[in-house]
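Below: one structure, written as structure tokens.
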Amino acid sequence: MGTTRTMRGNRGLTRRDLIKSFGPLGFLLLPVVRSMGYAATSASAAFAGMPRFVLFFKGPSFHSPTVTPTTSLASLPAPLAPLAPHVADLILFTGMSIHGGSPKTDGYQEEHAAGLIGCSTGNSYHYSKDDSYYAYTDNESIDVAIANRYQSLPALAGLPFASLHLGVGAQSDADNVGLGQRYISYRKRQAGDTQYGNAIEPIQDAGQVYDQLMQRITTLCASQSNQPGTDNTQLRAALARKKSLIDFRLADIAAAKRTLGMDSVHAQKLDGLVDGWREVEKATTAQIDALDGGGTGGGSTRTCPTGTRPTGNAQNKNNCDQLAPIADQMIALVRLAFEWDLTRVVALTMSGASSGHRWPSQGVDKAHHTLEHSNDVAGQNIMGGYFSTKFASLLSSLKAIDDGDGKTALYNSSVLLGMECWSDSASGHYLRNIPFIFAGQGAGAFTTGRIVNAAGRNNNDLLISIQNASGITSSTFGLASLCKGPII
């Protein structure tokens with residue numbers, strides 16, 4: 001579906017670099033550097049403080065009594081076995097809660113919707129009727145919060161897509177009743193929104209996603225591409241704004257050098273430190289030239305994708321034998337989007353809450369939701385293996401992207417495997433002991449290859465860790481009463 005391209009890295013700027021070179025003046029220069037979005041702690045400067053983020057939502061929790069006793073990543077239980085090749089890049093959480101173990105709503109209470117909405121927002125929600133399928137929220141999800149943060153950075157404001165929202169069976173077992181268990185991505189509610197007006201509908205047609213990505217890649221490939229041209233007015237305007245902001249900041253630095261009276265030695269050092277910014281400026285100029293019929297843009301060696309347009313559509317499907325190849329297509333499209341720097345944020349919904357998914361070829365003919373409430377542990381663990389397999393495929397795809405400086409896209413990413421509640425009987429719904437899984441190093445922010453006992457802390461603290469790695473400096477996310485601070 002696509003091929004990789006060689007990316008030119010930008011040199012990172014650390015606090016130590018600035019202070020070492022300029023002494024106390026480094027403290028004054030650091031805010032300017034950070035305002036450009038280039039402060040870094042590793043050679044992969046383009047991602048430090050701005051890692052990619054993927055929210056992979058699987059629907060129902062793994063069967064908690066099977067997974068929670070895990071004490072070593074070297075001995076994963078059956079539903080997590082497909083993740084064995086990636087244990088060095090994982091953090092498995094035990095003892096983690098959603099909503100403190102009980103739904104945070106202003107009326108009717110039910111755990112499936114609480115798990116779904118709490119997973120991605122860490123916040124409260126409402127019901128329009130006393131039924132789990134009528135849940136909705138006014139609050140922002142973690143993927144949207146990070147996308148908004150990145151859009152505020154000059155270095156990322158020109159990305160073609162603030163975020164991508166994809167689905168592979170992104171529905172509950174009763175969307176015909178209500179949509180309250182369908183959505184994981186929300187923006188903050190605005191005046192005039194309908195009940196689900198702030199919910200973001202995932203695209204489940206792989207061909208549609210491919211077309212959207214290829215419209216942008218066509219621009220970058222210019223004359224090398226065999227894809228049709230598009231109206232690039234908005235893209236050109238975004239690139240022009242990005243270039244203007246970069247020029248403005250570089251002019252600010254030049255003025256600061258004159259005002260502060262730097263000697264020639266220090267001025268030369270500062271000129272060296274802004275080389276990375278000038279590389280971004282040149283890349284942006286090249287992309288604008290490509291829109292006007294010039295070169296390939298970006299200062300990189302690219303090979304235009306030549307694969308076949310995918311045709312899978314997961315809308316209203318719940319058979320994993322049919323969904324599996326579509327999931328593979330969507331994961332390939334995530335890789336394509338990241339390879340070409342089209343976005344930094346992806347939400348991939350593999351199922352809604354109260355999942356209707358089944359897997360006939362593996363002997364699972366009942367809906368996943370039914371397996372939970374009938375306490376069919378074997379069936380639940382088989383279904384868990386399906387989602388683990390696809391999550392492992394996503395991680396392999398990220399590992400296959402070379403970001404330069406010996407780092408992969410997985411290293412430069414924060415990847416959350418999210419889920420809702422678990423059940424073991426007709427009336428048993430639980431928001432405690434949810435086995436969340438995190439993957440990737442967040443461009444150096446996280447140490448992986450371990451199990452973390454959350455000891456009852458909420459998933460809010462994991463969301464805080466993720467947002468902090470993405471440059472959002474806050475000690476809360478969602479309901480402040482559920483937050484203790486970053487957990488990793």
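Chain labels A, B, ... are given in the sequence in which chains occur in the structure tokens; within each chain residues are numbered consecutively from 1, and ligands are likewise numbered from 1 in the order shown.
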
(request) For A:Arg344, work out the shell of residues within 8 Å, counting only C-alpha atoms and skipping chain neighbours fewer than 6 positions away, then give it as a ChimeraX atom specification. (result) /A:51-53,147,162-163,338

Could you turn the residues from that selection into a file that holds C-alpha atoms, as a tab-separated table (two decimals), in the first residue's frame?
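And here's part20.tsv as it stands now:
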chain	number	residue	atom	x	y	z
A	51	PRO	CA	5.62	12.20	19.96
A	52	ARG	CA	3.06	10.49	17.82
A	53	PHE	CA	0.02	9.29	19.74
A	147	ALA	CA	-4.10	17.10	18.45
A	162	ALA	CA	-4.62	17.30	13.03
A	163	SER	CA	-5.74	13.75	13.76
A	338	PHE	CA	3.12	8.37	9.81

(request) From stretch 24-192 of chain A, collect each residue whose DSSP state is strand (DSSP E) and return the set as a PyMOL selection string. (result) chain A and resi 52-57+90-94+126-127+135-136+164-167

Please produce a file of those selected residues containing N, CA and C atoms, as an mmCIF file, in the first residue's frame.
data_model
loop_
_atom_site.group_PDB
_atom_site.id
_atom_site.type_symbol
_atom_site.label_atom_id
_atom_site.label_comp_id
_atom_site.auth_asym_id
_atom_site.auth_seq_id
_atom_site.Cartn_x
_atom_site.Cartn_y
_atom_site.Cartn_z
ATOM 1 N N ARG A 52 4.318 10.961 18.377
ATOM 2 C CA ARG A 52 3.058 10.495 17.818
ATOM 3 C C ARG A 52 2.215 9.892 18.946
ATOM 4 N N PHE A 53 0.905 9.919 18.766
ATOM 5 C CA PHE A 53 0.018 9.289 19.736
ATOM 6 C C PHE A 53 -1.007 8.445 19.013
ATOM 7 N N VAL A 54 -1.179 7.211 19.465
ATOM 8 C CA VAL A 54 -2.206 6.323 18.926
ATOM 9 C C VAL A 54 -3.074 5.827 20.075
ATOM 10 N N LEU A 55 -4.375 6.034 19.960
ATOM 11 C CA LEU A 55 -5.342 5.454 20.876
ATOM 12 C C LEU A 55 -5.982 4.273 20.165
ATOM 13 N N PHE A 56 -5.647 3.071 20.609
ATOM 14 C CA PHE A 56 -6.157 1.815 20.043
ATOM 15 C C PHE A 56 -7.190 1.294 21.038
ATOM 16 N N PHE A 57 -8.464 1.405 20.691
ATOM 17 C CA PHE A 57 -9.525 0.996 21.614
ATOM 18 C C PHE A 57 -10.082 -0.351 21.185
ATOM 19 N N LEU A 90 6.670 -2.490 26.025
ATOM 20 C CA LEU A 90 5.356 -2.442 26.658
ATOM 21 C C LEU A 90 5.430 -2.058 28.129
ATOM 22 N N ILE A 91 4.316 -1.521 28.623
ATOM 23 C CA ILE A 91 4.049 -1.415 30.047
ATOM 24 C C ILE A 91 2.651 -1.993 30.260
ATOM 25 N N LEU A 92 2.553 -3.015 31.088
ATOM 26 C CA LEU A 92 1.273 -3.611 31.446
ATOM 27 C C LEU A 92 0.870 -3.077 32.821
ATOM 28 N N PHE A 93 -0.351 -2.592 32.920
ATOM 29 C CA PHE A 93 -0.847 -2.060 34.189
ATOM 30 C C PHE A 93 -1.762 -3.073 34.864
ATOM 31 N N THR A 94 -1.534 -3.274 36.138
ATOM 32 C CA THR A 94 -2.451 -4.064 36.948
ATOM 33 C C THR A 94 -3.042 -3.144 38.019
ATOM 34 N N HIS A 126 -23.266 11.847 30.758
ATOM 35 C CA HIS A 126 -24.699 11.929 31.024
ATOM 36 C C HIS A 126 -25.428 10.815 30.262
ATOM 37 N N TYR A 127 -26.715 10.673 30.555
ATOM 38 C CA TYR A 127 -27.610 9.798 29.795
ATOM 39 C C TYR A 127 -28.849 10.591 29.402
ATOM 40 N N ALA A 135 -25.763 7.091 26.456
ATOM 41 C CA ALA A 135 -24.744 7.893 27.142
ATOM 42 C C ALA A 135 -24.125 8.913 26.188
ATOM 43 N N TYR A 136 -23.710 10.041 26.749
ATOM 44 C CA TYR A 136 -22.988 11.049 25.965
ATOM 45 C C TYR A 136 -22.158 11.894 26.924
ATOM 46 N N LEU A 164 -6.360 11.617 12.842
ATOM 47 C CA LEU A 164 -7.127 10.682 12.026
ATOM 48 C C LEU A 164 -7.959 9.817 12.961
ATOM 49 N N HIS A 165 -9.209 9.578 12.582
ATOM 50 C CA HIS A 165 -10.114 8.775 13.401
ATOM 51 C C HIS A 165 -10.636 7.632 12.542
ATOM 52 N N LEU A 166 -10.144 6.438 12.827
ATOM 53 C CA LEU A 166 -10.398 5.270 11.999
ATOM 54 C C LEU A 166 -11.143 4.213 12.812
ATOM 55 N N GLY A 167 -11.876 3.356 12.120
ATOM 56 C CA GLY A 167 -12.615 2.307 12.795
ATOM 57 C C GLY A 167 -12.576 0.994 12.033
#

(message) Which residues are close to A:Gln190, i.e. within 9 Å by only C-alpha atoms, leaving aside same-chain residues fewer than 5 positions away? Reply as a ChimeraX atom specification.
(response) /A:138,197-198

Those same residues, written as a PDB file, in the first residue's frame with C-alpha atoms?
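The resulting file, selection_10.pdb, is shown below:
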ATOM      1  CA  ASP A 138     -19.485  17.157  27.022  1.00  0.00           C
ATOM      2  CA  GLY A 197     -22.493  16.672  17.826  1.00  0.00           C
ATOM      3  CA  ASN A 198     -19.139  16.726  19.615  1.00  0.00           C
TER       4      ASN A 198
END

List every residue of stretch 110-181 of chain A that has an atom at most 10 Å from any atom of stretch 442-461 of chain A, giving for each one its closest atom pair and the distance in Å to one decimal, counting only C-alpha atoms, sorted by chain and then by ascending residue number, as a Markdown table.
| residue | atom | partner | partner_atom | distance |
| --- | --- | --- | --- | --- |
| A:Gly118 | CA | A:Asn459 | CA | 8.2 |
| A:Cys119 | CA | A:Asn459 | CA | 6.9 |
| A:Ser120 | CA | A:Asn460 | CA | 8.9 |
| A:Thr121 | CA | A:Asn460 | CA | 8.1 |
| A:Gly122 | CA | A:Asn460 | CA | 5.3 |
| A:Asn123 | CA | A:Asn460 | CA | 8.6 |
| A:Ile142 | CA | A:Asn460 | CA | 9.8 |

Can you write out the residues you just picked, keeping N, CA and C atoms, as a compact mmCIF listing (two decimals), in the first residue's frame?
# COMPACT_ATOMS: atom_id res chain seq x y z
N GLY A 118 -14.90 6.98 30.04
CA GLY A 118 -13.84 7.19 31.01
C GLY A 118 -12.47 6.84 30.48
N CYS A 119 -12.40 5.83 29.61
CA CYS A 119 -11.12 5.43 29.04
C CYS A 119 -10.45 6.57 28.30
N SER A 120 -11.19 7.29 27.49
CA SER A 120 -10.57 8.30 26.62
C SER A 120 -10.67 9.73 27.15
N THR A 121 -11.65 9.99 28.05
CA THR A 121 -11.80 11.36 28.57
C THR A 121 -11.42 11.47 30.04
N GLY A 122 -11.51 10.38 30.79
CA GLY A 122 -11.28 10.46 32.22
C GLY A 122 -12.26 11.38 32.92
N ASN A 123 -13.41 11.58 32.29
CA ASN A 123 -14.32 12.62 32.77
C ASN A 123 -15.75 12.09 32.94
N ILE A 142 -8.54 12.39 25.07
CA ILE A 142 -7.09 12.61 25.10
C ILE A 142 -6.51 12.81 23.71

Could you build a table of the residues in stretch 78-119 of chain A lying no more than 9 Å from stretch 400-419 of chain A, giving for each the nearest pair of atoms and their separation in Å rounded to one decimal place, using only C-alpha atoms, ordered by chain and ascending residue number, as JSON lines?
{"residue": "A:Asp89", "atom": "CA", "partner": "A:Tyr411", "partner_atom": "CA", "distance": 8.1}
{"residue": "A:Gly115", "atom": "CA", "partner": "A:Met419", "partner_atom": "CA", "distance": 7.0}
{"residue": "A:Leu116", "atom": "CA", "partner": "A:Met419", "partner_atom": "CA", "distance": 6.8}
{"residue": "A:Cys119", "atom": "CA", "partner": "A:Gly418", "partner_atom": "CA", "distance": 6.4}

(request) Among the residues of stretch 14-212 of chain A, find those DSSP assigns to alpha helix (DSSP H) from the backbone and print them as a PyMOL selection string. (result) chain A and resi 15-22+25-35+64-67+111-121+142-151+206-212

Could those residues be written to a file, using C-alpha atoms, as a CSV table (one decimal), in the first residue's frame?
chain,number,residue,atom,x,y,z
A,15,ARG,CA,18.3,22.8,28.1
A,16,ARG,CA,21.8,21.5,28.8
A,17,ASP,CA,22.9,22.5,25.2
A,18,LEU,CA,21.7,26.1,25.7
A,19,ILE,CA,23.1,26.6,29.2
A,20,LYS,CA,26.4,24.9,28.3
A,21,SER,CA,26.8,27.2,25.3
A,22,PHE,CA,25.4,30.5,26.7
A,25,LEU,CA,21.5,33.4,28.8
A,26,GLY,CA,20.4,29.8,28.1
A,27,PHE,CA,17.5,30.3,30.5
A,28,LEU,CA,16.3,33.2,28.4
A,29,LEU,CA,16.6,31.4,25.2
A,30,LEU,CA,14.9,28.2,26.3
A,31,PRO,CA,11.3,29.6,26.1
A,32,VAL,CA,12.0,30.8,22.6
A,33,VAL,CA,13.2,27.4,21.6
A,34,ARG,CA,10.2,25.7,23.2
A,35,SER,CA,7.8,28.1,21.6
A,64,SER,CA,-9.2,-9.3,34.2
A,65,PRO,CA,-8.9,-12.4,36.4
A,66,THR,CA,-6.9,-14.0,33.6
A,67,VAL,CA,-4.5,-11.1,33.0
A,111,GLU,CA,-20.4,0.6,33.7
A,112,HIS,CA,-20.1,-0.1,29.9
A,113,ALA,CA,-20.5,3.5,28.9
A,114,ALA,CA,-18.5,4.6,31.9
A,115,GLY,CA,-15.7,2.5,30.8
A,116,LEU,CA,-15.8,3.7,27.2
A,117,ILE,CA,-16.1,7.4,28.0
A,118,GLY,CA,-13.8,7.2,31.0
A,119,CYS,CA,-11.1,5.4,29.0
A,120,SER,CA,-10.6,8.3,26.6
A,121,THR,CA,-11.8,11.4,28.6
A,142,ILE,CA,-7.1,12.6,25.1
A,143,ASP,CA,-6.5,12.2,21.3
A,144,VAL,CA,-8.3,15.5,20.6
A,145,ALA,CA,-6.5,17.3,23.4
A,146,ILE,CA,-3.1,16.2,22.0
A,147,ALA,CA,-4.1,17.1,18.4
A,148,ASN,CA,-5.2,20.6,19.6
A,149,ARG,CA,-1.8,21.0,21.4
A,150,TYR,CA,0.1,20.1,18.3
A,151,GLN,CA,-1.9,22.4,16.1
A,206,ALA,CA,-10.3,1.9,4.1
A,207,GLY,CA,-10.6,3.1,0.5
A,208,GLN,CA,-11.9,6.5,1.8
A,209,VAL,CA,-8.9,6.8,4.2
A,210,TYR,CA,-6.5,5.9,1.4
A,211,ASP,CA,-8.0,8.6,-0.9
A,212,GLN,CA,-7.6,11.2,1.8

(request) Name the closest residue to A:Ser470 among the candidates A:Leu153, A:Cys221, A:Ser374, A:Pro79; distances are taken between atoms, counting only C-alpha atoms. (result) A:Leu153

(request) Rank nothing, just name the residue among A:Leu463, A:Ser355, A:Ala48, A:Leu394 nearest to A:Phe436, using only C-alpha atoms. (result) A:Leu463

(message) Which residue is closest to A:Gln171? Choose from A:Asn318, A:Thr105, A:Ser396, A:Thr68 and count only C-alpha atoms.
(response) A:Asn318

(request) List the neighbours of A:Ser423 out to 7 Å using only C-alpha atoms; skip same-chain residues closer than 4 positions along the sequence, and give me the result as a ChimeraX atom specification. (result) /A:372-373,428-430

(request) Give the answer as one residue: which of A:Ser475, A:Pro486, A:Leu431, A:Asn176 has the shortest atom-to-atom distance to A:Met96, using only C-alpha atoms? (result)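 Once distances to A:Met96 are computed over only C-alpha atoms, the minimum belongs to A:Leu431.
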